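**Q** Submitted below is the structure of interest, expressed as structure tokens.
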Amino acid sequence: MIRLEKVNKTYEGGVHALKDINLTFEQGKINVLIGPSGCGKTTTMKLLNRLTEHTSGTITLNGQNIQELSPVQLRRKMGYVIQNIGLFPHMTIFENVAAVPKLLKWDKKRIYNRVIELLEMVNLDPEMYKDRYPSELSGGQQQRIGVIRALAAEPETILMDEPFSALDPISREQLQDELVRLQEDIQKTIVFVTHDMDEALKIADQIILMKDGHVVQNGTPEELISNPADEFVEDFIGSKRINNGFDLPAVSKLMSNDFTSITTEATVADAIDVMMKHQLEALPVVNNEGKFVGMLHLFTALQKVDDPIENIVQSTTTLFPKMDGKKAYEAFSNSNLSSLPVLSKSKELIGMLDKDLLVRDIYDILDQKSGDQ
């Protein structure tokens with residue numbers, strides 16, 4: 001985790017590039033810095049590995065002030081991927097990826113295994129690619145090598161400065177998908193700079209929108225889409241595109257039929273076991289006829305283990321199969337749950353709609369709309 005507290009950056013001549021920045025970049029999240037040219041997004045990134053020094057405030061990496069580390073020590077804890085890739089043209093792909101582990105004096109077997117593992121991770125056949133040179137690869141393949149080179153020494157943090165902006169649209173989209181897939185496996189703290197809101201919406205767990213050295217708004221893509229802080233955010237994120245001709249399939253097409261529930265005859269202890277097993281924040285409860293009774297929240301269950309389930313279930317927003325997906329999306333704003341129950345006309349529980357999957361469908365539509373413009 002990286003934390004910035006009251007961070008300022010003033011250049012010689014008095015240019016105040018960053019003004020009281022307070023941010024947290026969480027472990028396992030893709031954090032996207034975005035905004036117009038000159039807003040401070042790249043400067044913010046460069047502070048993290050001390051390519052630029054901040055003027056005041058505190059920056060910590062996993063609780064340690066980065067000023068307590070030398071720039072060399074700090075940079076060895078961070079991978080860095082840049083727009084022009086920066087592969088060494090006279091080195092093979094294997095040698096490029098192995099460069100930092102060699103500097104860290106890893107043994108040869110460990111380096112070899114790591115390079116092979118990384119090439120396989122980004123679907124590049126090691127036997128086919130490890131002995132090639134960068135000039136023999138396409139732009140998209142070179143960028144994949146740039147990404148895995150940043151991962152080679154197993155850093156805690158990956159900094160990515162507009163890494164895909166020079167690629168053609170198809171390669172760019174493929175690498176965005178690759179990054180999201182890769183993050184599910186590596187769970188690194190990723191700080192990603194871009195000027196493209198479509199890219200931010202697609203890959204980000206947290207978007208930080210900046211203007212004139214300030215953070216105007218930060219939050220999940222869904223939060224920025226749903227509740228833009230001001231007109232600048234709304235214009236920049238393109239919320240008007242969402243509200244103009246924005247359609248989603250009916251809930252019946254979006255919901256999952258594969259869900260976990262429990263009956264009122266079960267004990268609260270049974271419900272807790274089910275929620276722990278499936279890592280659920282809440283569990284739908286049905287009666288013997290399969291009709292929806294309510295949601296049992298984990299926090300409530302832990303406090304009232306000895307109570308009957310029907311006494312502690314809570315009512316929640318419910319959906320129905322023919323409901324428009326857009327209305328279902330709006331329904332989540334009235335609920336603190338990440339999944340909502342879908343009921344038949346007779347109130348039977350027939351499915352669950354996951355908010356993250358619904359938002360992903362929104363991003364897909366945004367991608368299509370931006371491609372049509």
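Residues are referred to by chain and number: the chain letter is A, B, ... according to the order shown in the structure tokens, the number counts from 1 in that chain, and ligands are numbered separately from 1 in the order shown.
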Would you list the contacts of Thr44 (chain A) as a VMD selection string, taking every protein, DNA or RNA residue within 12 Å and counting only C-alpha atoms, but skipping same-chain residues closer than 3 positions in sequence?
**A** chain A and resid 2 to 4 7 to 9 17 to 23 25 32 to 35 38 to 41 47 to 55 59 159 161 191 to 193 208 to 210 213 to 215
**Q** Would you tabulate, counting only C-alpha atoms, all residues of region 161-243 of chain A that have an atom at most 7 Å from an atom of region 141-157 of chain A, showing the closest pair of atoms and their distance in Å to one decimal, sorted by chain then ascending number, as CSV?
**A**
residue,atom,partner,partner_atom,distance
A:Lys188,CA,A:Thr157,CA,5.8
A:Thr189,CA,A:Thr157,CA,4.7
A:Ile190,CA,A:Thr157,CA,5.9
**Q** How would the residues just picked look written out with C-alpha atoms as a compact mmCIF listing (two decimals), in the first residue's frame?
**A**
# COMPACT_ATOMS: atom_id res chain seq x y z
CA LYS A 188 0.18 -6.00 -7.11
CA THR A 189 -0.28 -2.35 -6.27
CA ILE A 190 -0.52 -0.85 -9.75
**Q** Would you kindly return, as a count of residues only, each protein, DNA or RNA residue with an atom no farther than 10 Å from any atom of Gln217 (chain A), considering only C-alpha atoms and excluding same-chain residues fewer than 6 positions away?
**A** 12
**Q** Name the residues of region 39-223 of chain A that come out as alpha helix (DSSP H) in a backbone DSSP run; write them as a ChimeraX atom specification.
**A** /A:41-48,71-76,93-103,108-121,126-129,139-151,169-186,197-203,221-223
**Q** Here is a test: counting only C-alpha atoms, which residue of A:Leu337, A:Ala328, A:Met255, A:Ile262 is nearest to Gly351 (chain A)?
**A**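 So, comparing all the options, the nearest one is A:Met255.
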**Q** Using only C-alpha atoms, which of the listed residues (A:Ile186, A:Gly140, A:Pro221, A:Val342) sits closest to Asp168 (chain A)?
**A**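 Smallest separation from Asp168 (chain A) among the options: A:Gly140.
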**Q** Can you tell me how far CA of Val251 (chain A) sits from CA of Phe320 (chain A), in Å to one decimal?
**A**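 Separation between CA of Val251 (chain A) and CA of Phe320 (chain A): 6.9 Å.
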**Q** Report the residues of region 62-275 of chain A whose backbone DSSP state falls under strand (DSSP E or B), written as a ChimeraX atom specification.
**A** /A:64-65,78-82,157-161,189-194,206-211,214-219,250,256,262-263
**Q** Give the answer as one residue: which of A:Lys304, A:Arg181, A:Lys109, A:Lys355 has the shortest atom-to-atom distance to Phe332 (chain A), using only C-alpha atoms?
**A**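 Closest candidate: A:Lys355.
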**Q** Record the distance separating CA of Asp324 (chain A) and CA of Phe232 (chain A), expressed in Å with one decimal.
**A**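 It comes out at 29.0 Å.
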**Q** Compare A:Met45, A:Leu104, A:Leu137, A:Ala204 by their minimum atom-to-atom distance to Leu87 (chain A), counting only C-alpha atoms, and give me the closest one.
**A**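 The answer is A:Leu137, which sits nearest to Leu87 (chain A).
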**Q** Determine, counting only C-alpha atoms, which protein, DNA and RNA residues have an atom within 8 Å of an atom of Pro134 (chain A); residues of the same chain fewer than 4 positions away are not included. Present the result as a count of residues only.
**A** 7
**Q** Let me make sure I understand: among A:Gln187, A:Gln67, A:Arg76, A:Gly219, which one has the smallest atom-to-atom distance to Met1 (chain A) if we use only C-alpha atoms?
**A**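 For Met1 (chain A), the nearest of the candidates is A:Gln187.
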**Q** Interatomic distance between CA of Thr220 (chain A) and CA of Leu175 (chain A)?
**A**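 Interatomic distance here is 20.9 Å.
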**Q** Between A:Val313, A:Leu280, A:Ile111, A:Met197, single out the one closest to Val268 (chain A), counting only C-alpha atoms.
**A**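 Once distances to Val268 (chain A) are computed over only C-alpha atoms, the minimum belongs to A:Val313.
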**Q** Name the residues in contact with Thr317 (chain A) at a cut-off of 12 Å, using only C-alpha atoms, excluding same-chain residues fewer than 4 positions from it; report them as a PDB file with N, CA and C atoms, in the first residue's frame.
**A**
ATOM      1  N   PRO A 284     -28.842 -14.754   0.772  1.00  0.00           N
ATOM      2  CA  PRO A 284     -30.299 -14.731   0.632  1.00  0.00           C
ATOM      3  C   PRO A 284     -30.937 -15.881   1.408  1.00  0.00           C
ATOM      4  N   PHE A 292     -38.530 -15.830  -1.324  1.00  0.00           N
ATOM      5  CA  PHE A 292     -37.522 -14.969  -0.706  1.00  0.00           C
ATOM      6  C   PHE A 292     -38.046 -14.356   0.589  1.00  0.00           C
ATOM      7  N   VAL A 293     -37.234 -14.443   1.641  1.00  0.00           N
ATOM      8  CA  VAL A 293     -37.592 -13.880   2.943  1.00  0.00           C
ATOM      9  C   VAL A 293     -36.811 -12.605   3.228  1.00  0.00           C
ATOM     10  N   GLY A 294     -35.537 -12.601   2.887  1.00  0.00           N
ATOM     11  CA  GLY A 294     -34.690 -11.438   3.136  1.00  0.00           C
ATOM     12  C   GLY A 294     -33.232 -11.814   3.028  1.00  0.00           C
ATOM     13  N   MET A 295     -32.357 -10.854   3.360  1.00  0.00           N
ATOM     14  CA  MET A 295     -30.913 -11.092   3.313  1.00  0.00           C
ATOM     15  C   MET A 295     -30.365 -11.154   4.731  1.00  0.00           C
ATOM     16  N   LYS A 327     -32.212   0.151 -15.047  1.00  0.00           N
ATOM     17  CA  LYS A 327     -32.948   0.365 -13.801  1.00  0.00           C
ATOM     18  C   LYS A 327     -32.360  -0.486 -12.672  1.00  0.00           C
ATOM     19  N   ALA A 328     -31.898  -1.662 -13.030  1.00  0.00           N
ATOM     20  CA  ALA A 328     -31.252  -2.515 -12.032  1.00  0.00           C
ATOM     21  C   ALA A 328     -29.983  -1.846 -11.518  1.00  0.00           C
ATOM     22  N   TYR A 329     -29.244  -1.228 -12.432  1.00  0.00           N
ATOM     23  CA  TYR A 329     -28.021  -0.509 -12.042  1.00  0.00           C
ATOM     24  C   TYR A 329     -28.359   0.608 -11.059  1.00  0.00           C
ATOM     25  N   GLU A 330     -29.439   1.336 -11.347  1.00  0.00           N
ATOM     26  CA  GLU A 330     -29.859   2.421 -10.457  1.00  0.00           C
ATOM     27  C   GLU A 330     -30.292   1.884  -9.099  1.00  0.00           C
ATOM     28  N   ALA A 331     -30.826   0.653  -9.081  1.00  0.00           N
ATOM     29  CA  ALA A 331     -31.289   0.064  -7.828  1.00  0.00           C
ATOM     30  C   ALA A 331     -30.145  -0.152  -6.841  1.00  0.00           C
ATOM     31  N   PHE A 332     -28.947  -0.382  -7.359  1.00  0.00           N
ATOM     32  CA  PHE A 332     -27.808  -0.605  -6.473  1.00  0.00           C
ATOM     33  C   PHE A 332     -27.466   0.647  -5.660  1.00  0.00           C
ATOM     34  N   SER A 333     -27.844   1.820  -6.153  1.00  0.00           N
ATOM     35  CA  SER A 333     -27.556   3.050  -5.412  1.00  0.00           C
ATOM     36  C   SER A 333     -28.360   3.119  -4.119  1.00  0.00           C
ATOM     37  N   ASN A 334     -29.436   2.324  -4.018  1.00  0.00           N
ATOM     38  CA  ASN A 334     -30.262   2.281  -2.812  1.00  0.00           C
ATOM     39  C   ASN A 334     -29.912   1.102  -1.915  1.00  0.00           C
ATOM     40  N   SER A 335     -28.825   0.420  -2.248  1.00  0.00           N
ATOM     41  CA  SER A 335     -28.446  -0.767  -1.484  1.00  0.00           C
ATOM     42  C   SER A 335     -26.951  -0.751  -1.215  1.00  0.00           C
ATOM     43  N   ASN A 336     -26.562  -1.299  -0.076  1.00  0.00           N
ATOM     44  CA  ASN A 336     -25.134  -1.424   0.230  1.00  0.00           C
ATOM     45  C   ASN A 336     -24.608  -2.815  -0.085  1.00  0.00           C
ATOM     46  N   LEU A 337     -25.402  -3.604  -0.810  1.00  0.00           N
ATOM     47  CA  LEU A 337     -24.997  -4.961  -1.166  1.00  0.00           C
ATOM     48  C   LEU A 337     -24.331  -4.990  -2.535  1.00  0.00           C
ATOM     49  N   SER A 338     -23.432  -5.939  -2.726  1.00  0.00           N
ATOM     50  CA  SER A 338     -22.774  -6.098  -4.022  1.00  0.00           C
ATOM     51  C   SER A 338     -23.548  -7.035  -4.947  1.00  0.00           C
ATOM     52  N   SER A 339     -24.565  -7.739  -4.409  1.00  0.00           N
ATOM     53  CA  SER A 339     -25.441  -8.588  -5.214  1.00  0.00           C
ATOM     54  C   SER A 339     -26.869  -8.405  -4.726  1.00  0.00           C
ATOM     55  N   LEU A 340     -27.812  -8.384  -5.675  1.00  0.00           N
ATOM     56  CA  LEU A 340     -29.217  -8.223  -5.314  1.00  0.00           C
ATOM     57  C   LEU A 340     -30.024  -9.420  -5.812  1.00  0.00           C
ATOM     58  N   PRO A 341     -31.069  -9.802  -5.048  1.00  0.00           N
ATOM     59  CA  PRO A 341     -31.885 -10.958  -5.434  1.00  0.00           C
ATOM     60  C   PRO A 341     -32.849 -10.635  -6.569  1.00  0.00           C
ATOM     61  N   VAL A 342     -33.074 -11.622  -7.418  1.00  0.00           N
ATOM     62  CA  VAL A 342     -34.047 -11.523  -8.513  1.00  0.00           C
ATOM     63  C   VAL A 342     -35.189 -12.474  -8.194  1.00  0.00           C
ATOM     64  N   LEU A 343     -36.430 -11.942  -8.192  1.00  0.00           N
ATOM     65  CA  LEU A 343     -37.586 -12.730  -7.773  1.00  0.00           C
ATOM     66  C   LEU A 343     -38.561 -12.925  -8.919  1.00  0.00           C
ATOM     67  N   MET A 352     -29.418 -14.149  -8.762  1.00  0.00           N
ATOM     68  CA  MET A 352     -28.755 -13.025  -8.104  1.00  0.00           C
ATOM     69  C   MET A 352     -28.051 -12.210  -9.184  1.00  0.00           C
ATOM     70  N   LEU A 353     -28.095 -10.897  -9.042  1.00  0.00           N
ATOM     71  CA  LEU A 353     -27.409 -10.004  -9.983  1.00  0.00           C
ATOM     72  C   LEU A 353     -26.232  -9.368  -9.276  1.00  0.00           C
TER      73      LEU A 353
END
**Q** Which residues, written as a short mmCIF file (atom, residue, chain, number, x, y, z; two decimals) with C-alpha atoms, in the first residue's frame, have at least one atom at most 9 Å from His297 (chain A), with only C-alpha atoms counted and residues fewer than 4 positions away on the same chain left out?
**A**
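So around-v7.cif came out as:
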data_model
loop_
_atom_site.label_atom_id
_atom_site.label_comp_id
_atom_site.auth_asym_id
_atom_site.auth_seq_id
_atom_site.Cartn_x
_atom_site.Cartn_y
_atom_site.Cartn_z
CA LEU A 280 -20.17 -13.71 0.89
CA GLU A 281 -21.04 -10.47 2.67
CA ALA A 282 -24.69 -11.49 2.88
CA LEU A 283 -26.78 -14.54 2.12
CA PRO A 284 -30.30 -14.73 0.63
CA ALA A 301 -25.12 -13.01 12.03
CA LEU A 302 -21.85 -12.82 13.97
CA ILE A 312 -32.57 -11.20 11.96
CA VAL A 313 -32.98 -11.24 8.17
CA GLN A 314 -33.23 -7.79 6.62
#
**Q** Can you tell me which residues surround region 306-308 of chain A at a distance of at most 9 Å, considering only C-alpha atoms, apart from same-chain residues fewer than 3 positions away, and format the answer as a PyMOL selection string?
**A** chain A and resi 264-269+301+303+311-312
**Q** I need the residues from that last selection saved to file as a PDB file, in the first residue's frame (with C-alpha atoms), if you can.
**A**
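Saved the output as again.pdb:
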ATOM      1  CA  THR A 264     -35.188 -20.340   7.483  1.00  0.00           C
ATOM      2  CA  GLU A 265     -34.868 -23.796   9.068  1.00  0.00           C
ATOM      3  CA  ALA A 266     -31.080 -23.527   9.158  1.00  0.00           C
ATOM      4  CA  THR A 267     -29.228 -22.057  12.118  1.00  0.00           C
ATOM      5  CA  VAL A 268     -27.342 -18.776  12.062  1.00  0.00           C
ATOM      6  CA  ALA A 269     -24.142 -20.759  12.658  1.00  0.00           C
ATOM      7  CA  ALA A 301     -25.124 -13.008  12.034  1.00  0.00           C
ATOM      8  CA  GLN A 303     -23.512 -10.629  16.591  1.00  0.00           C
ATOM      9  CA  ASN A 311     -35.713 -12.835  13.320  1.00  0.00           C
ATOM     10  CA  ILE A 312     -32.571 -11.200  11.959  1.00  0.00           C
TER      11      ILE A 312
END
